[in-house]
$ cat data_0.tsv   # TSV, C-alpha atoms
chain	number	residue	atom	x	y	z
I	1	MET	CA	9.75	13.09	6.42
I	2	GLU	CA	11.77	10.61	8.54
I	3	LYS	CA	11.84	13.03	11.49
I	4	GLU	CA	8.09	13.47	11.19
I	5	LYS	CA	7.46	9.71	11.21
I	6	ILE	CA	9.83	9.13	14.14
I	7	ALA	CA	8.01	11.79	16.19
I	8	GLN	CA	4.73	10.14	15.24
I	9	SER	CA	6.06	6.72	16.26
I	10	ILE	CA	6.93	8.01	19.74
I	11	ASP	CA	3.40	9.40	20.12
I	12	ILE	CA	2.02	5.99	19.13
I	13	LEU	CA	4.30	4.25	21.65
I	14	LYS	CA	2.74	6.44	24.33
I	15	GLU	CA	-0.76	5.76	23.02
I	16	LEU	CA	-0.22	1.98	23.04
I	17	ASP	CA	1.80	2.02	26.28
I	18	ILE	CA	4.76	0.28	24.65
I	19	ASP	CA	8.08	1.10	26.31
I	20	MET	CA	10.40	0.48	23.39
I	21	TRP	CA	10.39	-0.10	19.65
I	22	MET	CA	13.50	-1.82	18.33
I	23	ILE	CA	14.33	-2.15	14.63
I	24	VAL	CA	16.98	-4.82	14.04
I	25	GLU	CA	18.66	-4.53	10.65
I	26	LYS	CA	21.60	-5.95	8.71
I	27	GLU	CA	22.76	-5.83	5.06
I	28	SER	CA	19.87	-3.63	3.94
I	29	GLU	CA	20.89	-3.80	0.28
I	30	LEU	CA	20.21	-7.53	0.29
I	31	LEU	CA	17.03	-7.75	2.39
I	32	ALA	CA	15.71	-4.56	3.99
I	33	ASP	CA	13.04	-4.24	6.66
I	34	PRO	CA	10.15	-2.28	5.06
I	35	VAL	CA	10.30	0.35	7.81
I	36	MET	CA	13.93	1.27	7.13
I	37	ASP	CA	13.22	3.54	4.18
I	38	PHE	CA	10.10	4.79	5.94
I	39	VAL	CA	11.71	5.79	9.26
I	40	ILE	CA	15.47	5.81	8.75
I	41	GLY	CA	15.70	6.72	5.09
I	42	THR	CA	18.80	4.64	4.37
I	43	GLY	CA	20.29	1.23	5.03
I	44	VAL	CA	23.16	-0.31	6.97
I	45	THR	CA	25.72	-3.05	6.49
I	46	TRP	CA	26.53	-4.42	9.92
I	47	LEU	CA	23.99	-5.67	12.44
I	48	SER	CA	22.31	-2.53	13.80
I	49	PHE	CA	19.69	-1.54	16.35
I	50	PHE	CA	17.46	1.51	16.04
I	51	ILE	CA	15.70	2.11	19.34
I	52	PHE	CA	12.83	4.47	20.14
I	53	THR	CA	11.26	4.81	23.59
I	54	LYS	CA	7.90	6.13	24.68
I	55	SER	CA	9.73	8.70	26.81
I	56	GLY	CA	11.19	10.11	23.58
I	57	GLU	CA	14.78	8.85	23.44
I	58	LYS	CA	16.20	7.79	20.08
I	59	TYR	CA	19.28	5.56	19.85
I	60	ALA	CA	21.21	3.95	17.00
I	61	ILE	CA	23.75	1.19	17.60
I	62	VAL	CA	25.61	0.61	14.33
I	63	GLY	CA	28.84	-0.79	12.97
I	64	ASN	CA	31.67	1.72	13.08
I	65	LEU	CA	31.73	1.98	9.26
I	66	ASP	CA	28.06	3.04	9.25
I	67	LYS	CA	28.47	5.62	12.02
I	68	GLU	CA	29.14	8.70	9.90
I	69	LYS	CA	26.24	8.03	7.54
I	70	ILE	CA	23.74	7.51	10.36
I	71	GLU	CA	24.98	10.57	12.26
I	72	SER	CA	24.53	12.73	9.16
I	73	LEU	CA	20.79	11.94	9.17
I	74	ASP	CA	20.39	13.92	12.42
I	75	LEU	CA	17.63	11.58	13.57
I	76	PHE	CA	19.06	10.20	16.82
I	77	ASP	CA	19.99	11.56	20.22
I	78	LYS	CA	22.94	9.22	20.25
I	79	VAL	CA	24.66	7.13	17.56
I	80	ILE	CA	26.79	4.43	19.18
I	81	PRO	CA	29.36	2.67	16.97
I	82	TYR	CA	30.86	-0.74	17.65
I	83	THR	CA	33.70	-2.75	16.13
I	84	ASN	CA	33.58	-6.19	17.71
I	85	SER	CA	30.09	-6.64	19.19
I	86	PRO	CA	27.04	-4.44	19.82
I	87	LYS	CA	26.22	-6.36	23.00
I	88	GLU	CA	27.76	-3.99	25.55
I	89	SER	CA	26.06	-0.90	24.12
I	90	LEU	CA	22.76	-2.74	23.73
I	91	PHE	CA	22.83	-3.94	27.32
I	92	GLU	CA	23.66	-0.46	28.58
I	93	ILE	CA	20.53	0.97	26.97
I	94	MET	CA	18.36	-1.97	28.00
I	95	GLY	CA	19.59	-1.79	31.58
I	96	ASP	CA	19.00	1.95	31.76
I	97	LYS	CA	15.48	1.82	30.29
I	98	ASN	CA	14.44	-1.60	31.63
I	99	PRO	CA	11.50	-1.87	29.18
I	100	SER	CA	8.61	-4.15	30.08
I	101	LYS	CA	7.36	-4.20	26.47
I	102	ILE	CA	9.77	-4.37	23.53
I	103	ALA	CA	8.12	-4.16	20.12
I	104	LEU	CA	9.83	-6.03	17.27
I	105	ASN	CA	8.89	-6.03	13.59
I	106	TYR	CA	7.14	-9.36	13.08
I	107	SER	CA	3.60	-10.15	11.99
I	108	VAL	CA	1.62	-13.14	10.76
I	109	ASP	CA	-0.78	-11.11	8.59
I	110	SER	CA	0.88	-7.79	7.69
I	111	PRO	CA	3.98	-7.87	5.41
I	112	SER	CA	4.76	-4.20	6.11
I	113	SER	CA	5.22	-5.12	9.79
I	114	ASP	CA	7.16	-8.34	9.20
I	115	GLY	CA	10.65	-7.05	8.50
I	116	LEU	CA	12.50	-8.95	11.23
I	117	THR	CA	13.97	-12.06	9.64
I	118	TYR	CA	14.15	-15.26	11.62
I	119	GLY	CA	17.95	-15.11	11.50
I	120	LYS	CA	18.04	-11.63	13.06
I	121	TYR	CA	15.55	-12.79	15.68
I	122	LEU	CA	17.86	-15.68	16.59
I	123	LYS	CA	20.82	-13.30	16.76
I	124	LEU	CA	18.92	-11.03	19.15
I	125	GLN	CA	17.98	-14.08	21.18
I	126	SER	CA	21.65	-15.05	21.52
I	127	LEU	CA	22.61	-11.49	22.54
I	128	PHE	CA	19.88	-11.49	25.20
I	129	GLU	CA	20.81	-14.93	26.54
I	130	GLY	CA	20.84	-14.98	30.33
I	131	THR	CA	18.34	-12.10	30.58
I	132	ASP	CA	14.56	-11.82	30.74
I	133	TYR	CA	14.31	-9.49	27.73
I	134	MET	CA	13.01	-12.06	25.23
I	135	ASN	CA	10.00	-12.64	27.48
I	136	ARG	CA	9.10	-8.97	27.05
I	137	ILE	CA	8.93	-9.11	23.24
I	138	ILE	CA	5.68	-8.16	21.51
I	139	SER	CA	4.78	-7.59	17.85
I	140	ALA	CA	5.19	-4.06	16.50
I	141	GLU	CA	2.36	-4.67	14.02
I	142	GLU	CA	-0.14	-2.35	15.69
I	143	LEU	CA	2.44	0.40	16.02
I	144	ILE	CA	3.60	0.10	12.39
I	145	SER	CA	0.03	-0.17	11.13
I	146	LYS	CA	-0.83	3.15	12.76
I	147	LEU	CA	2.46	4.74	11.70
I	148	ARG	CA	2.05	3.82	8.05
I	149	GLY	CA	-1.70	4.39	8.03
I	150	ARG	CA	-2.05	7.80	9.65
I	151	LYS	CA	-0.97	10.02	6.78
I	152	SER	CA	0.24	13.55	7.40
I	153	ASP	CA	-0.81	16.47	5.21
I	154	GLU	CA	2.49	16.17	3.35
I	155	GLU	CA	2.02	12.45	2.71
I	156	ILE	CA	-1.48	13.13	1.38
I	157	ARG	CA	-0.17	15.94	-0.85
I	158	ARG	CA	2.40	13.64	-2.43
I	159	THR	CA	-0.21	10.94	-2.97
I	160	GLU	CA	-2.63	13.38	-4.58
I	161	LYS	CA	0.09	14.51	-6.97
I	162	ALA	CA	0.71	10.89	-8.01
I	163	ILE	CA	-3.04	10.41	-8.50
I	164	ASP	CA	-3.40	13.53	-10.65
I	165	ILE	CA	-0.56	12.42	-12.91
I	166	THR	CA	-2.06	8.95	-13.34
I	167	LEU	CA	-5.47	10.36	-14.24
I	168	ASP	CA	-3.87	12.80	-16.71
I	169	ILE	CA	-2.22	9.84	-18.44
I	170	TYR	CA	-5.56	7.99	-18.55
I	171	ASP	CA	-7.09	11.00	-20.32
I	172	LYS	CA	-4.39	10.68	-22.96
I	173	VAL	CA	-5.15	6.96	-23.32
I	174	THR	CA	-8.70	7.78	-24.42
I	175	GLU	CA	-7.30	9.93	-27.23
I	176	PHE	CA	-4.60	7.42	-28.17
I	177	VAL	CA	-6.33	4.03	-28.31
I	178	ARG	CA	-7.85	2.72	-31.54
I	179	PRO	CA	-9.36	-0.68	-32.37
I	180	GLY	CA	-6.69	-3.17	-33.41
I	181	MET	CA	-4.06	-1.97	-30.95
I	182	THR	CA	-2.70	-4.59	-28.58
I	183	GLU	CA	-2.54	-4.51	-24.81
I	184	LYS	CA	1.23	-4.16	-25.19
I	185	ASP	CA	0.78	-1.14	-27.48
I	186	ILE	CA	-1.34	0.61	-24.86
I	187	ALA	CA	1.05	-0.32	-22.05
I	188	ALA	CA	4.02	1.03	-24.03
I	189	PHE	CA	2.20	4.33	-24.55
I	190	ILE	CA	1.48	4.70	-20.82
I	191	THR	CA	5.05	3.75	-19.93
I	192	GLY	CA	6.34	6.36	-22.36
I	193	GLU	CA	4.16	9.07	-20.80
I	194	ARG	CA	5.40	8.13	-17.34
I	195	GLU	CA	9.02	8.08	-18.41
I	196	LYS	CA	8.68	11.57	-19.95
I	197	LEU	CA	7.99	12.75	-16.40
I	198	GLY	CA	10.95	10.85	-14.96
I	199	LEU	CA	8.73	8.80	-12.65
I	200	LYS	CA	8.85	5.17	-11.58
I	201	PRO	CA	5.84	2.81	-11.54
I	202	SER	CA	4.07	1.98	-8.27
I	203	TRP	CA	4.86	-1.71	-8.72
I	204	GLU	CA	6.98	-3.85	-11.06
I	205	GLU	CA	7.04	-2.48	-14.59
I	206	GLU	CA	6.19	-5.85	-16.18
I	207	MET	CA	2.67	-5.45	-14.75
I	208	ASN	CA	2.39	-1.67	-14.57
I	209	PRO	CA	0.40	-0.80	-16.46
I	210	SER	CA	-1.75	-3.89	-16.58
I	211	VAL	CA	-4.09	-3.83	-19.58
I	212	PHE	CA	-6.99	-6.26	-20.01
I	213	THR	CA	-9.19	-6.31	-23.08
I	214	GLY	CA	-12.20	-8.44	-23.99
I	215	PRO	CA	-13.28	-11.85	-22.63
I	216	GLN	CA	-10.35	-13.59	-20.96
I	217	ASP	CA	-9.30	-15.80	-18.09
I	218	THR	CA	-6.21	-13.79	-17.15
I	219	GLY	CA	-5.87	-12.89	-13.48
I	220	ALA	CA	-5.75	-9.28	-12.33
I	221	HIS	CA	-2.06	-9.49	-11.39
I	222	SER	CA	-0.58	-10.09	-14.83
I	223	GLY	CA	1.07	-8.10	-17.58
I	224	PRO	CA	-0.18	-6.93	-20.98
I	225	THR	CA	-0.34	-9.40	-23.88
I	226	ASP	CA	-0.74	-9.36	-27.67
I	227	ARG	CA	-4.55	-9.45	-27.39
I	228	LYS	CA	-6.07	-6.76	-29.56
I	229	VAL	CA	-8.64	-4.15	-28.63
I	230	GLU	CA	-11.80	-5.02	-30.55
I	231	ARG	CA	-15.06	-3.23	-31.13
I	232	GLY	CA	-17.91	-4.24	-28.85
I	233	GLN	CA	-15.58	-5.09	-25.98
I	234	VAL	CA	-14.45	-3.38	-22.80
I	235	PHE	CA	-10.88	-2.93	-21.69
I	236	ASN	CA	-9.49	-1.75	-18.39
I	237	ILE	CA	-6.15	-0.49	-17.15
I	238	ASP	CA	-4.51	-0.72	-13.73
I	239	SER	CA	-1.60	1.65	-13.24
I	240	GLY	CA	0.12	4.02	-10.84
I	241	VAL	CA	3.22	6.16	-10.39
I	242	ILE	CA	5.50	7.12	-7.52
I	243	VAL	CA	5.87	10.80	-6.64
I	244	GLU	CA	8.32	11.70	-3.87
I	245	LYS	CA	8.16	8.10	-2.59
I	246	TYR	CA	4.31	7.95	-2.50
I	247	CYS	CA	2.17	5.83	-4.81
I	248	SER	CA	-1.02	6.00	-6.79
I	249	ASP	CA	-3.02	2.89	-7.77
I	250	LEU	CA	-6.00	3.48	-10.06
I	251	GLN	CA	-8.09	1.52	-12.55
I	252	ARG	CA	-10.42	2.74	-15.27
I	253	THR	CA	-12.70	1.02	-17.81
I	254	TRP	CA	-13.30	1.85	-21.49
I	255	TYR	CA	-15.77	0.53	-24.08
I	256	VAL	CA	-14.90	0.28	-27.77
I	257	LEU	CA	-17.95	1.24	-29.82
I	258	LYS	CA	-19.06	-0.94	-32.70
I	259	GLU	CA	-19.59	0.63	-36.10
I	260	GLY	CA	-22.82	2.60	-35.88
I	261	GLU	CA	-23.01	2.49	-32.06
I	262	THR	CA	-23.29	5.74	-30.14
I	263	LYS	CA	-23.32	4.16	-26.69
I	264	PRO	CA	-22.49	0.81	-25.09
I	265	PRO	CA	-25.16	-1.92	-25.01
I	266	ALA	CA	-27.43	-2.22	-21.99
I	267	VAL	CA	-25.55	-5.24	-20.59
I	268	VAL	CA	-22.30	-3.27	-20.46
I	269	MET	CA	-23.93	-0.23	-18.93
I	270	ASP	CA	-25.69	-2.34	-16.30
I	271	GLY	CA	-22.36	-3.85	-15.25
I	272	PHE	CA	-20.61	-0.49	-15.25
I	273	ASP	CA	-23.37	1.25	-13.30
I	274	THR	CA	-23.35	-1.60	-10.77
I	275	ILE	CA	-19.64	-1.04	-10.13
I	276	VAL	CA	-20.12	2.73	-9.80
I	277	LYS	CA	-22.97	2.28	-7.32
I	278	SER	CA	-21.11	-0.31	-5.25
I	279	ILE	CA	-18.16	2.07	-4.92
I	280	GLN	CA	-20.38	4.96	-3.84
I	281	LEU	CA	-22.22	2.82	-1.27
I	282	SER	CA	-18.90	1.73	0.21
I	283	PHE	CA	-17.52	5.27	0.25
I	284	ASP	CA	-20.61	6.58	2.03
I	285	ALA	CA	-20.17	4.03	4.84
I	286	ILE	CA	-16.47	4.59	5.53
I	287	LYS	CA	-15.57	6.38	8.74
I	288	PRO	CA	-13.16	5.92	11.64
I	289	GLY	CA	-14.00	2.97	13.86
I	290	VAL	CA	-15.75	0.91	11.17
I	291	LYS	CA	-14.15	-2.44	10.36
I	292	GLY	CA	-12.95	-3.19	6.85
I	293	ILE	CA	-15.11	-6.29	6.54
I	294	GLU	CA	-18.21	-4.13	6.99
I	295	ILE	CA	-17.28	-1.98	3.98
I	296	ASP	CA	-16.39	-4.98	1.82
I	297	THR	CA	-19.73	-6.60	2.66
I	298	ILE	CA	-21.65	-3.56	1.43
I	299	ALA	CA	-20.09	-3.66	-2.04
I	300	ARG	CA	-20.02	-7.46	-2.27
I	301	ASP	CA	-23.68	-7.87	-1.32
I	302	TYR	CA	-24.81	-5.15	-3.70
I	303	ILE	CA	-22.99	-6.66	-6.68
I	304	VAL	CA	-24.37	-10.13	-5.93
I	305	SER	CA	-27.87	-8.67	-5.50
I	306	ARG	CA	-27.60	-7.37	-9.06
I	307	GLY	CA	-27.06	-10.92	-10.34
I	308	TYR	CA	-23.27	-10.89	-10.70
I	309	THR	CA	-20.68	-13.21	-9.20
I	310	GLU	CA	-18.80	-11.74	-6.25
I	311	TYR	CA	-15.31	-10.43	-6.96
I	312	PRO	CA	-12.53	-12.86	-5.94
I	313	HIS	CA	-10.43	-10.47	-3.86
I	314	ALA	CA	-10.58	-7.72	-1.23
I	315	LEU	CA	-12.57	-4.58	-1.99
I	316	GLY	CA	-9.67	-2.31	-1.14
I	317	HIS	CA	-6.25	-1.90	0.40
I	318	GLN	CA	-4.17	0.87	1.87
I	319	VAL	CA	-1.73	2.83	-0.28
I	320	GLY	CA	1.37	4.72	0.84
I	321	ARG	CA	5.06	4.13	0.17
I	322	THR	CA	3.95	0.98	-1.65
I	323	ALA	CA	0.81	0.27	-3.65
I	324	HIS	CA	-0.25	-2.32	-1.05
I	325	ASP	CA	0.59	-0.75	2.29
I	326	GLY	CA	-0.41	-0.88	5.94
I	327	SER	CA	-2.44	-3.57	7.68
I	328	ALA	CA	-6.20	-2.97	7.75
I	329	LEU	CA	-8.04	-4.17	4.63
I	330	LEU	CA	-11.51	-3.74	3.17
I	331	ALA	CA	-11.84	-7.49	2.82
I	332	PRO	CA	-14.05	-10.53	3.49
I	333	SER	CA	-13.44	-13.02	6.30
I	334	TRP	CA	-11.32	-15.36	4.19
I	335	GLU	CA	-8.44	-17.28	5.77
I	336	ARG	CA	-5.96	-15.63	3.38
I	337	TYR	CA	-6.60	-12.22	4.99
I	338	GLY	CA	-6.26	-13.33	8.63
I	339	LYS	CA	-7.37	-10.69	11.11
I	340	LEU	CA	-6.81	-7.72	8.77
I	341	PRO	CA	-10.51	-7.33	7.75
I	342	TYR	CA	-11.42	-6.92	11.43
I	343	LEU	CA	-9.11	-3.99	12.16
I	344	GLU	CA	-10.86	-0.69	12.74
I	345	LEU	CA	-10.35	2.03	10.15
I	346	GLU	CA	-8.56	5.20	11.26
I	347	GLU	CA	-8.47	8.83	10.25
I	348	GLY	CA	-5.64	9.53	7.83
I	349	GLN	CA	-5.60	6.12	6.15
I	350	ILE	CA	-5.60	6.10	2.36
I	351	PHE	CA	-7.57	3.28	0.76
I	352	THR	CA	-8.51	2.04	-2.66
I	353	ILE	CA	-11.99	0.80	-3.53
I	354	GLU	CA	-11.80	-1.61	-6.46
I	355	PRO	CA	-14.70	-4.00	-7.09
I	356	ARG	CA	-14.97	-5.81	-10.41
I	357	LEU	CA	-17.37	-7.97	-12.34
I	358	TYR	CA	-17.13	-10.08	-15.47
I	359	LEU	CA	-19.29	-9.79	-18.58
I	360	LYS	CA	-18.90	-13.04	-20.52
I	361	ASP	CA	-19.11	-11.53	-24.00
I	362	HIS	CA	-17.39	-8.22	-23.30
I	363	GLY	CA	-14.70	-8.52	-20.61
I	364	VAL	CA	-13.96	-7.20	-17.13
I	365	VAL	CA	-15.62	-4.05	-15.80
I	366	THR	CA	-13.75	-2.47	-12.91
I	367	ILE	CA	-12.89	0.88	-11.39
I	368	GLU	CA	-10.33	1.61	-8.68
I	369	GLU	CA	-10.62	4.86	-6.76
I	370	MET	CA	-8.56	6.29	-3.91
I	371	LEU	CA	-9.79	8.06	-0.78
I	372	VAL	CA	-8.54	9.30	2.57
I	373	ILE	CA	-10.46	8.71	5.79
I	374	THR	CA	-11.39	11.89	7.65
I	375	ALA	CA	-12.89	12.52	11.09
I	376	GLU	CA	-16.32	12.85	9.47
I	377	GLY	CA	-16.11	10.02	6.95
I	378	ALA	CA	-14.02	9.97	3.80
I	379	ARG	CA	-12.77	12.30	1.06
I	380	TRP	CA	-12.08	11.33	-2.53
I	381	LEU	CA	-8.47	11.76	-3.58
I	382	SER	CA	-9.23	10.65	-7.14
I	383	ALA	CA	-12.06	12.18	-9.17
I	384	PRO	CA	-14.40	9.16	-9.40
I	385	GLN	CA	-15.16	7.67	-12.80
I	386	LYS	CA	-18.92	8.02	-13.21
I	387	GLU	CA	-19.16	7.51	-16.99
I	388	ILE	CA	-17.61	4.72	-19.04
I	389	TYR	CA	-14.90	6.04	-21.35
I	390	LEU	CA	-15.64	5.52	-25.05
I	391	ILE	CA	-13.31	4.63	-27.90
I	392	ARG	CA	-14.81	5.40	-31.33
$ encode --input "data_0.tsv" --output "structure tokens"
Amino acid sequence: MEKEKIAQSIDILKELDIDMWMIVEKESELLADPVMDFVIGTGVTWLSFFIFTKSGEKYAIVGNLDKEKIESLDLFDKVIPYTNSPKESLFEIMGDKNPSKIALNYSVDSPSSDGLTYGKYLKLQSLFEGTDYMNRIISAEELISKLRGRKSDEEIRRTEKAIDITLDIYDKVTEFVRPGMTEKDIAAFITGEREKLGLKPSWEEEMNPSVFTGPQDTGAHSGPTDRKVERGQVFNIDSGVIVEKYCSDLQRTWYVLKEGETKPPAVVMDGFDTIVKSIQLSFDAIKPGVKGIEIDTIARDYIVSRGYTEYPHALGHQVGRTAHDGSALLAPSWERYGKLPYLELEEGQIFTIEPRLYLKDHGVVTIEEMLVITAEGARWLSAPQKEIYLIR
């Protein structure tokens, strides 16, 4: 996979007319650049430079103790070890290539592109002292955004496998849950099913799965509690697993029938159907070249038009090696999201769509689906929830 992503990165360098991409890394075990696992597949100890050029050359300048490990990856044309200082080797490459644009991993809005710490930036600045190289620095955000976003067939296959496993577990939840169980009981069941498969959660285990039942003020990013599942209320679950380094992130909603009920009350069904319709409207509008804010607006406006309060978050995010991946978002023009809602969507990106609404007497109704953008529009990766799941 690392060779595939490196080849893709060189194609993107050509596309963006960027001469050089430089990853600066040190003590990866302590604080790793997000692209290290993605492109290199391992970490380093000493200050290191991984350099890719638009003409196709691939260099690694590493401490002499890291040399053998990096060479064994068979990713680079040349692995150059150093003992005292990397400066001489770095200058040799820079002088030979004389890049006019040097992309470094920093970004104001995108965490996946912001792996260069300020300390490593200052160290690079001191190494380049007396040269013009620092004036040629640009952000690698656009490059990394495309690299992480444009999924290969293999990346999509791994993601689909993670999705299928998550949905299989949700099917078991419907059979398992009974009134009186707590959120923690349900979470423990899901965790047990995941652990039987030897898989890790897509995000920290304390909040994966997240389980929310009945009326509450708890935010979406919180763990399960001792609240009990009660008849006449809805509950929802947010969970995902990692398969071969790729994540799923899915939410589903259930209704717990009262004694004598055969279906949820009209107020619950109206909320649920509103969520389902908002997701479908958004899905139908997704295609390459559309901006994320346009998709968010479709779902947000529809939900508000139905008399509900708008959801207090983005409609959807990219998924990949992490549950929240990439740069472009399906999001409103709020300051917290910066320029990300205005980035154009691209073929190969995997997104969630996850609107929600609150029913005062019943709880939160939400669904989170996953899709991949195609040349023609979009394709569901998860089988969409069209009917509310019932607990009897």
$ residues_around --input "data_0.tsv" --residues "I:Leu104" --least-positions-apart "3" --cutoff "8 Å" --atoms "all atoms listed in the file" --output "list in words"
Trp21, Met22, Ile23, Val24, Leu116, Ile137, Ile138, Ser139 and Ala140 of chain I
$ residues_around --input "data_0.tsv" --residues "I:Lys172" --least-positions-apart "4" --cutoff "12 Å" --atoms "all atoms listed in the file" --output "JSON, numbers by chain"
{"I": [165, 166, 167, 168, 176, 177, 186, 189, 190, 192, 193, 194, 389, 391]}
$ closest_residue --input "data_0.tsv" --among "I:Ile373, I:Val234, I:Ile18, I:Ile93" --to "I:Gln318" --atoms "only C-alpha atoms"
I:Ile373
$ closest_residue --input "data_0.tsv" --among "I:Lys78, I:His324, I:His317, I:Lys97" --to "I:Phe351" --atoms "all atoms listed in the file"
I:His317
$ closest_residue --input "data_0.tsv" --among "I:Glu354, I:Asp66, I:Glu369, I:Glu2" --to "I:Phe49" --atoms "all atoms listed in the file"
I:Asp66
$ atom_distance --input "data_0.tsv" --atom1 "atom CA of I:Gly377" --atom2 "atom CA of I:Thr159"
18.8 Å
$ residues_near_point --input "data_0.tsv" --point "(8.6, 8.1, 24.1)" --cutoff "7 Å" --atoms "only C-alpha atoms" --output "MDAnalysis selection string"
chainID I and resid 10:11 13:14 52:57
$ atom_distance --input "data_0.tsv" --atom1 "atom CA of I:Thr225" --atom2 "atom CA of I:Ile388"
22.8 Å
